[in-house]
>>> print(open('input07.tsv').read())   # TSV, C-alpha atoms and all ligand atoms
chain	number	residue	atom	x	y	z
A	1	MET	CA	11.08	35.28	-16.66
A	2	ARG	CA	7.46	36.04	-17.43
A	3	VAL	CA	5.74	32.65	-17.17
A	4	VAL	CA	2.19	31.64	-18.09
A	5	VAL	CA	0.81	28.81	-15.95
A	6	ALA	CA	-2.35	27.38	-17.53
A	7	GLY	CA	-4.28	25.54	-14.84
A	8	GLY	CA	-2.69	27.84	-12.28
A	9	ALA	CA	-5.56	27.57	-9.77
A	10	GLY	CA	-5.30	23.79	-9.63
A	11	PHE	CA	-3.55	21.63	-7.06
A	12	LEU	CA	-0.27	21.32	-8.94
A	13	GLY	CA	-0.56	24.59	-10.87
A	14	SER	CA	-0.95	26.71	-7.74
A	15	HIS	CA	2.11	25.16	-6.07
A	16	LEU	CA	4.03	25.79	-9.28
A	17	CYS	CA	2.93	29.45	-9.27
A	18	ASP	CA	4.14	29.81	-5.66
A	19	ALA	CA	7.55	28.28	-6.47
A	20	LEU	CA	8.06	30.43	-9.58
A	21	LEU	CA	7.05	33.59	-7.71
A	22	SER	CA	9.38	32.88	-4.82
A	23	ARG	CA	12.37	32.56	-7.13
A	24	GLY	CA	11.52	35.93	-8.69
A	25	ASP	CA	9.60	35.06	-11.85
A	26	GLU	CA	6.54	36.99	-12.93
A	27	VAL	CA	3.54	34.64	-13.21
A	28	ILE	CA	0.29	34.88	-15.16
A	29	ALA	CA	-2.09	32.12	-14.07
A	30	LEU	CA	-4.93	31.07	-16.38
A	31	ASP	CA	-7.79	28.91	-15.15
A	32	ASN	CA	-11.48	28.39	-15.89
A	33	LEU	CA	-11.97	27.15	-12.30
A	34	CYS	CA	-13.75	23.97	-13.42
A	35	THR	CA	-11.71	22.04	-10.85
A	36	GLY	CA	-9.28	24.69	-9.61
A	37	SER	CA	-10.06	27.16	-6.85
A	38	MET	CA	-9.12	30.77	-6.08
A	39	ARG	CA	-8.42	29.59	-2.52
A	40	ASN	CA	-5.31	27.87	-3.90
A	41	LEU	CA	-3.99	31.25	-5.07
A	42	ILE	CA	-4.18	33.19	-1.81
A	43	ALA	CA	-0.39	33.00	-1.26
A	44	ALA	CA	0.35	33.78	-4.92
A	45	GLY	CA	-1.99	36.77	-4.81
A	46	ALA	CA	0.23	38.45	-2.22
A	47	HIS	CA	2.95	38.98	-4.88
A	48	ASP	CA	2.65	42.03	-7.11
A	49	THR	CA	4.37	39.96	-9.82
A	50	PHE	CA	1.33	37.68	-9.97
A	51	SER	CA	-1.79	38.04	-12.07
A	52	PHE	CA	-4.77	35.80	-12.69
A	53	ILE	CA	-6.98	35.59	-15.76
A	54	GLU	CA	-10.17	33.55	-15.60
A	55	CYS	CA	-10.50	31.97	-19.03
A	56	ASP	CA	-10.92	28.61	-20.72
A	57	VAL	CA	-7.79	27.94	-22.78
A	58	SER	CA	-9.90	25.63	-24.98
A	59	ASP	CA	-11.96	28.68	-26.07
A	60	ASP	CA	-9.93	31.84	-25.89
A	61	VAL	CA	-6.96	33.45	-24.15
A	62	PRO	CA	-6.78	37.25	-23.92
A	63	ASP	CA	-3.62	39.01	-25.07
A	64	MET	CA	-0.97	38.78	-22.34
A	65	GLY	CA	1.86	40.72	-23.95
A	66	ALA	CA	5.32	39.21	-24.26
A	67	VAL	CA	6.00	36.01	-22.31
A	68	ASP	CA	9.11	33.83	-21.90
A	69	ALA	CA	7.50	30.49	-21.09
A	70	VAL	CA	4.13	28.75	-21.21
A	71	MET	CA	3.44	25.84	-18.86
A	72	HIS	CA	0.32	23.83	-19.68
A	73	LEU	CA	-1.21	22.18	-16.61
A	74	ALA	CA	-4.82	22.90	-17.52
A	75	SER	CA	-7.03	19.80	-17.31
A	76	PRO	CA	-9.22	17.96	-14.88
A	77	ALA	CA	-6.78	15.35	-13.50
A	78	SER	CA	-8.74	13.24	-11.01
A	79	PRO	CA	-10.53	10.26	-12.60
A	80	PRO	CA	-14.01	11.14	-11.23
A	81	MET	CA	-13.51	14.73	-12.46
A	82	TYR	CA	-12.38	13.91	-16.00
A	83	LEU	CA	-15.04	11.21	-16.25
A	84	ALA	CA	-17.63	13.85	-15.32
A	85	MET	CA	-16.19	16.32	-17.89
A	86	PRO	CA	-15.28	14.10	-20.84
A	87	LEU	CA	-15.69	16.64	-23.63
A	88	GLN	CA	-13.99	19.47	-21.74
A	89	THR	CA	-11.07	17.13	-20.94
A	90	LEU	CA	-10.63	16.23	-24.61
A	91	ALA	CA	-10.96	19.90	-25.59
A	92	VAL	CA	-8.29	21.16	-23.22
A	93	GLY	CA	-5.81	18.49	-24.33
A	94	SER	CA	-6.41	19.25	-28.02
A	95	GLU	CA	-7.74	22.80	-28.60
A	96	GLY	CA	-6.21	24.08	-25.37
A	97	THR	CA	-2.79	22.64	-26.16
A	98	ARG	CA	-2.93	24.01	-29.72
A	99	ARG	CA	-3.79	27.51	-28.51
A	100	LEU	CA	-1.08	27.53	-25.85
A	101	LEU	CA	1.53	26.19	-28.30
A	102	GLU	CA	0.64	29.03	-30.66
A	103	ILE	CA	1.04	31.59	-27.89
A	104	ALA	CA	4.43	30.09	-27.03
A	105	GLY	CA	5.39	30.04	-30.72
A	106	ALA	CA	4.42	33.67	-31.30
A	107	ASN	CA	6.64	34.65	-28.36
A	108	VAL	CA	9.49	32.21	-29.16
A	109	ALA	CA	8.83	31.05	-25.60
A	110	ARG	CA	9.58	27.66	-24.07
A	111	PHE	CA	6.54	25.36	-23.79
A	112	VAL	CA	6.23	22.80	-20.99
A	113	LEU	CA	3.46	20.22	-21.17
A	114	ALA	CA	2.15	18.47	-18.07
A	115	SER	CA	1.53	15.01	-19.49
A	116	THR	CA	0.79	11.95	-17.41
A	117	SER	CA	1.65	8.38	-16.50
A	118	GLU	CA	-1.81	7.62	-17.93
A	119	VAL	CA	-0.19	7.64	-21.40
A	120	TYR	CA	1.10	4.20	-20.35
A	121	GLY	CA	-2.49	3.04	-19.66
A	122	ASP	CA	-2.63	-0.32	-17.84
A	123	PRO	CA	1.08	-0.93	-18.39
A	124	LEU	CA	2.45	-4.26	-19.56
A	125	GLU	CA	5.99	-3.09	-18.67
A	126	HIS	CA	7.03	-2.39	-15.12
A	127	PRO	CA	8.42	0.00	-14.04
A	128	GLN	CA	7.45	2.36	-16.85
A	129	ARG	CA	10.30	3.85	-18.92
A	130	GLU	CA	9.73	6.71	-21.34
A	131	GLU	CA	10.46	4.35	-24.26
A	132	TYR	CA	7.33	2.32	-23.45
A	133	TRP	CA	4.41	3.14	-25.78
A	134	GLY	CA	1.70	2.12	-23.38
A	135	ASN	CA	-1.42	0.00	-23.23
A	136	VAL	CA	-4.40	2.35	-23.50
A	137	ASN	CA	-8.01	1.46	-24.28
A	138	PRO	CA	-8.74	4.14	-26.91
A	139	ILE	CA	-12.52	4.05	-26.42
A	140	GLY	CA	-12.80	3.24	-22.70
A	141	PRO	CA	-14.07	5.81	-20.19
A	142	ARG	CA	-10.51	6.84	-19.18
A	143	SER	CA	-9.60	7.49	-22.82
A	144	VAL	CA	-10.96	11.03	-22.51
A	145	TYR	CA	-7.93	11.81	-20.34
A	146	ASP	CA	-5.38	9.30	-21.63
A	147	GLU	CA	-5.89	9.99	-25.33
A	148	SER	CA	-6.23	13.71	-24.72
A	149	LYS	CA	-2.78	13.75	-23.12
A	150	ARG	CA	-1.36	11.43	-25.78
A	151	PHE	CA	-2.66	13.81	-28.46
A	152	ALA	CA	-1.25	16.77	-26.51
A	153	GLU	CA	2.16	15.08	-26.55
A	154	ALA	CA	1.87	14.37	-30.31
A	155	LEU	CA	0.89	17.98	-31.03
A	156	THR	CA	3.68	19.34	-28.85
A	157	PHE	CA	6.28	17.15	-30.57
A	158	ALA	CA	4.90	18.12	-34.00
A	159	HIS	CA	5.39	21.81	-33.14
A	160	HIS	CA	8.94	20.97	-32.08
A	161	ARG	CA	9.76	19.06	-35.26
A	162	ALA	CA	7.90	21.21	-37.77
A	163	LEU	CA	8.40	24.65	-36.26
A	164	GLY	CA	11.46	24.25	-34.05
A	165	ALA	CA	9.52	25.03	-30.86
A	166	SER	CA	11.42	24.67	-27.57
A	167	ILE	CA	9.38	22.08	-25.71
A	168	GLY	CA	9.61	20.02	-22.53
A	169	VAL	CA	7.19	17.16	-21.88
A	170	ALA	CA	6.79	15.86	-18.32
A	171	ARG	CA	4.92	12.62	-17.64
A	172	ILE	CA	3.60	13.18	-14.16
A	173	PHE	CA	2.87	10.20	-11.91
A	174	ASN	CA	0.48	10.29	-8.92
A	175	THR	CA	1.14	13.38	-6.83
A	176	TYR	CA	-0.32	14.38	-3.48
A	177	GLY	CA	-0.05	17.15	-0.92
A	178	PRO	CA	-1.82	20.17	0.56
A	179	ARG	CA	-4.52	21.73	-1.67
A	180	LEU	CA	-5.77	18.44	-3.01
A	181	SER	CA	-9.48	18.92	-2.75
A	182	PRO	CA	-11.02	16.54	-0.15
A	183	GLY	CA	-13.87	15.80	-2.56
A	184	ASP	CA	-11.96	15.37	-5.81
A	185	GLY	CA	-11.86	11.58	-5.63
A	186	ARG	CA	-8.12	10.93	-5.77
A	187	VAL	CA	-7.07	8.19	-3.45
A	188	VAL	CA	-4.80	9.95	-0.93
A	189	SER	CA	-7.14	12.89	-0.43
A	190	THR	CA	-10.19	10.62	-0.28
A	191	PHE	CA	-8.66	8.29	2.33
A	192	ILE	CA	-7.43	11.19	4.50
A	193	ALA	CA	-10.83	12.93	4.38
A	194	GLN	CA	-12.62	9.67	5.20
A	195	ALA	CA	-10.23	8.83	8.06
A	196	LEU	CA	-10.57	12.29	9.62
A	197	ARG	CA	-14.37	12.15	9.42
A	198	GLY	CA	-14.44	8.63	10.88
A	199	ASP	CA	-16.04	7.30	7.69
A	200	SER	CA	-15.12	3.98	6.07
A	201	LEU	CA	-12.10	4.05	3.75
A	202	THR	CA	-13.31	2.99	0.31
A	203	VAL	CA	-10.73	0.67	-1.25
A	204	PHE	CA	-11.66	-0.09	-4.85
A	205	GLY	CA	-11.39	-3.75	-5.89
A	206	ASP	CA	-9.26	-5.94	-3.63
A	207	GLY	CA	-6.79	-3.09	-3.11
A	208	SER	CA	-3.85	-4.97	-4.63
A	209	GLN	CA	-3.42	-2.43	-7.43
A	210	THR	CA	-0.36	-0.21	-6.94
A	211	ARG	CA	0.60	3.41	-7.38
A	212	SER	CA	3.74	5.41	-6.54
A	213	PHE	CA	3.10	8.74	-4.82
A	214	CYS	CA	5.22	11.87	-5.19
A	215	TYR	CA	4.95	14.77	-2.78
A	216	VAL	CA	3.96	18.00	-4.49
A	217	SER	CA	7.10	20.05	-3.68
A	218	ASP	CA	9.27	17.35	-5.28
A	219	LEU	CA	7.10	17.31	-8.38
A	220	VAL	CA	7.17	21.10	-8.71
A	221	ALA	CA	10.98	21.06	-8.42
A	222	GLY	CA	11.04	18.59	-11.33
A	223	LEU	CA	8.78	20.78	-13.46
A	224	ILE	CA	10.95	23.83	-12.83
A	225	ALA	CA	14.10	21.85	-13.64
A	226	LEU	CA	12.45	20.89	-16.94
A	227	LEU	CA	11.45	24.49	-17.61
A	228	ASP	CA	15.05	25.64	-17.08
A	229	ALA	CA	16.78	22.83	-19.00
A	230	ASP	CA	17.24	22.40	-22.72
A	231	VAL	CA	15.51	19.01	-22.49
A	232	THR	CA	12.67	17.90	-24.75
A	233	GLY	CA	11.71	14.67	-23.01
A	234	PRO	CA	9.36	13.06	-22.44
A	235	VAL	CA	10.63	12.81	-18.87
A	236	ASN	CA	8.90	10.80	-16.14
A	237	LEU	CA	8.44	12.73	-12.89
A	238	GLY	CA	7.32	10.75	-9.88
A	239	ASN	CA	8.39	8.83	-6.82
A	240	THR	CA	9.56	5.24	-7.22
A	241	LEU	CA	8.18	3.99	-3.88
A	242	GLU	CA	5.26	1.75	-4.80
A	243	PHE	CA	2.33	0.84	-2.54
A	244	THR	CA	-0.84	-1.21	-2.91
A	245	MET	CA	-4.03	0.74	-2.22
A	246	LEU	CA	-4.63	-1.46	0.81
A	247	GLU	CA	-1.21	-0.38	2.17
A	248	VAL	CA	-2.09	3.26	1.52
A	249	ALA	CA	-5.34	2.83	3.47
A	250	HIS	CA	-3.48	1.33	6.44
A	251	ARG	CA	-0.80	4.04	6.36
A	252	VAL	CA	-3.47	6.75	6.36
A	253	LEU	CA	-5.22	5.07	9.31
A	254	THR	CA	-1.92	4.94	11.24
A	255	ALA	CA	-0.93	8.51	10.37
A	256	THR	CA	-4.32	9.96	11.32
A	257	GLY	CA	-4.86	7.69	14.35
A	258	SER	CA	-8.29	6.91	12.93
A	259	SER	CA	-10.17	3.70	13.68
A	260	SER	CA	-12.30	3.91	10.52
A	261	PRO	CA	-13.04	0.54	8.95
A	262	ILE	CA	-11.86	-0.35	5.44
A	263	ILE	CA	-14.57	-1.36	2.98
A	264	HIS	CA	-14.24	-2.55	-0.61
A	265	GLU	CA	-16.09	-1.03	-3.55
A	266	ALA	CA	-16.15	-1.86	-7.26
A	267	LEU	CA	-12.95	-1.27	-9.22
A	268	PRO	CA	-13.43	1.43	-11.89
A	269	ALA	CA	-13.21	0.32	-15.55
A	270	ASP	CA	-9.66	0.06	-16.92
A	271	ASP	CA	-8.11	0.98	-13.56
A	272	PRO	CA	-4.35	0.42	-14.08
A	273	THR	CA	-3.11	-2.64	-12.16
A	274	ARG	CA	0.27	-1.22	-11.27
A	275	ARG	CA	2.28	1.91	-11.78
A	276	ARG	CA	5.82	2.95	-10.92
A	277	PRO	CA	8.05	5.36	-12.82
A	278	ASP	CA	11.57	4.69	-13.97
A	279	ILE	CA	13.12	8.10	-13.24
A	280	ALA	CA	16.65	7.44	-14.54
A	281	ARG	CA	16.10	9.95	-17.38
A	282	ALA	CA	15.04	12.74	-15.01
A	283	ALA	CA	18.07	12.03	-12.83
A	284	ALA	CA	20.47	12.05	-15.80
A	285	LEU	CA	19.05	15.03	-17.73
A	286	LEU	CA	17.64	17.21	-14.95
A	287	GLY	CA	19.67	16.09	-11.93
A	288	TRP	CA	16.29	15.56	-10.26
A	289	ALA	CA	15.05	13.03	-7.73
A	290	PRO	CA	12.29	13.24	-5.13
A	291	VAL	CA	13.41	13.73	-1.52
A	292	VAL	CA	10.23	13.81	0.63
A	293	SER	CA	9.29	10.47	2.23
A	294	PHE	CA	5.71	9.19	2.15
A	295	GLU	CA	5.50	9.53	5.95
A	296	THR	CA	6.53	13.19	5.87
A	297	GLY	CA	4.35	14.04	2.89
A	298	LEU	CA	1.36	12.28	4.39
A	299	ALA	CA	1.81	14.11	7.70
A	300	ARG	CA	1.92	17.50	5.92
A	301	THR	CA	-1.13	16.64	3.85
A	302	ILE	CA	-3.10	15.49	6.91
A	303	GLU	CA	-2.16	18.74	8.69
A	304	HIS	CA	-3.57	20.70	5.74
A	305	PHE	CA	-6.82	18.70	5.76
A	306	GLN	CA	-7.18	19.25	9.50
A	307	ALA	CA	-6.61	22.98	9.04
A	308	ILE	CA	-9.26	23.38	6.32
A	309	ALA	CA	-11.76	21.31	8.32
A	310	ALA	CA	-11.23	23.47	11.43
V	1	LIG	N1	-8.91	4.29	-5.28
V	1	LIG	C1	-9.47	3.61	-4.20
V	1	LIG	N2	-10.38	4.27	-3.43
V	1	LIG	C2	-10.77	5.56	-3.67
V	1	LIG	C3	-10.17	6.26	-4.76
V	1	LIG	C4	-9.26	5.58	-5.55
V	1	LIG	O1	-9.13	2.45	-3.93
V	1	LIG	O2	-11.61	6.08	-2.91
V	1	LIG	C5	-7.91	3.59	-6.11
V	1	LIG	C6	-8.20	3.64	-7.61
V	1	LIG	O3	-9.04	2.58	-7.99
V	1	LIG	C7	-6.79	3.50	-8.18
V	1	LIG	C8	-5.90	4.17	-7.13
V	1	LIG	O4	-6.68	4.23	-5.95
V	1	LIG	O5	-6.43	2.14	-8.28
V	1	LIG	C9	-5.46	5.58	-7.52
V	1	LIG	O6	-6.61	6.31	-7.87
V	1	LIG	P1	-6.60	7.85	-8.16
V	1	LIG	O7	-7.99	8.21	-8.54
V	1	LIG	O8	-5.98	8.59	-7.04
V	1	LIG	O9	-5.61	8.06	-9.41
V	1	LIG	P2	-5.25	7.23	-10.72
V	1	LIG	O10	-3.89	6.72	-10.48
V	1	LIG	O11	-6.22	6.10	-10.90
V	1	LIG	O12	-5.34	8.23	-11.79
>>> encode(input="input07.tsv", output="structure tokens")
Amino acid sequence: MRVVVAGGAGFLGSHLCDALLSRGDEVIALDNLCTGSMRNLIAAGAHDTFSFIECDVSDDVPDMGAVDAVMHLASPASPPMYLAMPLQTLAVGSEGTRRLLEIAGANVARFVLASTSEVYGDPLEHPQREEYWGNVNPIGPRSVYDESKRFAEALTFAHHRALGASIGVARIFNTYGPRLSPGDGRVVSTFIAQALRGDSLTVFGDGSQTRSFCYVSDLVAGLIALLDADVTGPVNLGNTLEFTMLEVAHRVLTATGSSSPIIHEALPADDPTRRRPDIARAAALLGWAPVVSFETGLARTIEHFQAIAA
């Protein structure tokens, strides 16, 4: 297949490019590099079936010829990043999604949207099933991401219903692994970077809020299963093992052997209290489940952080 990966220089996008290339697909990565990095594409660049186009999908995408699939992962995804780029985040979920859906439509290509667990907001149901409509503050600071992705889902489903587009919507829960940027603010990367530097680990609030962390190779396998299946979704993709942020801090300290202290800082506005996916739908429709344990994933991620610091 000839696959477009929008957001291909990002953390998740670049791992997706690698996986598609290694199974023999041709990949065209699009990225405006607002949070992505060309360093993430060094391995991909070694394939002659890979090409990169620097462009902002919210503004314009050059002609790419015929394509078989379009995968839309373009967006800042870390809270500090999307809070710093509110208008760009809303633009890529709306204008960017529209443009990529039109490219897919013109090619009769399958369209896969990287949506998010943030569509559930601060969830009143636990764990979160795809049937749950969510609890999102539509005007809060996080709304620039949450509502952007909710609109992207609505637009994608409208193209499916009105125009018969082949779509797959993945709701991606917290994911971690090599290539997370040490400075991007997400919790696992932040704690590892702090622990390795000997700095204090900054737990926001009392640290009792929970998240469930999926290792990147598992997540990419889920996205590719969704690309290949005749499944519309939405489908939750994530790991069901749930930790408090205080537990994550302690696990990072143990795994790195660091004696950094833990300090508490203010909880960001509308920070979800708890989050864990119900992944029964992904298991039933895609035959997918994560396999990498938190210990293994954390060890691989720490190794990567040590390597880039060296
Ligand atoms: N968090 C934290 N310390 C940090 C960064 C994040 O305690 O230095 C918390 C944050 O408040 C949230 C959780 O970790 O409750 C996950 O945050 P992240 O930004 O990784 O992703 P989110 O799930 O909020 O999108």
>>> residues_around(input="input07.tsv", residues="stretch 75-78 of chain A", least_positions_apart="6", cutoff="8 Å", atoms="only C-alpha atoms", output="MDAnalysis selection string")
chainID A and resid 7 34:35 85 89 92:93 145 184:186
>>> residues_near_ligand(input="input07.tsv", ligand="ligand LIG 1 (chain V)", cutoff="8 Å", atoms="all atoms listed in the file", output="JSON, numbers by chain")
{"A": [77, 78, 79, 80, 118, 173, 174, 185, 186, 187, 188, 189, 190, 191, 201, 202, 203, 204, 205, 207, 209, 210, 211, 245, 246, 264, 265, 267, 268, 271, 272, 273, 275]}
>>> atom_distance(input="input07.tsv", atom1="atom CA of A:Ala46", atom2="atom CA of A:Ala299")
26.3 Å
>>> closest_residue(input="input07.tsv", among="A:Glu242, A:Pro277, A:Cys214, A:Ala310", to="A:Ser293", atoms="all atoms listed in the file")
A:Cys214
>>> atom_distance(input="input07.tsv", atom1="atom CA of A:Met81", atom2="atom CA of A:Ser212")
20.5 Å
>>> closest_residue(input="input07.tsv", among="A:Asp48, A:Ala9, A:His250, A:Ala19", to="A:Asn32", atoms="only C-alpha atoms")
A:Ala9
>>> residues_around(input="input07.tsv", residues="stretch 103-117 of chain A", least_positions_apart="3", cutoff="9 Å", atoms="all atoms listed in the file", output="PyMOL selection string")
chain A and resi 65-74+97-100+120-121+128+146+149-150+152-153+156+159+163+165-174+223+226-227+232+234+236-237+275-277
>>> residues_around(input="input07.tsv", residues="stretch 176-181 of chain A", least_positions_apart="4", cutoff="6 Å", atoms="only C-alpha atoms", output="list in words")
Phe11, Tyr215, Val216, Thr301 and His304 of chain A
>>> closest_residue(input="input07.tsv", among="A:Asp59, A:Asp206, A:Asp122, A:Asp25", to="A:Glu247", atoms="all atoms listed in the file")
A:Asp206
>>> closest_residue(input="input07.tsv", among="A:Phe305, A:Ala221, A:Ser259, A:Phe50", to="A:Gly183", atoms="only C-alpha atoms")
A:Phe305
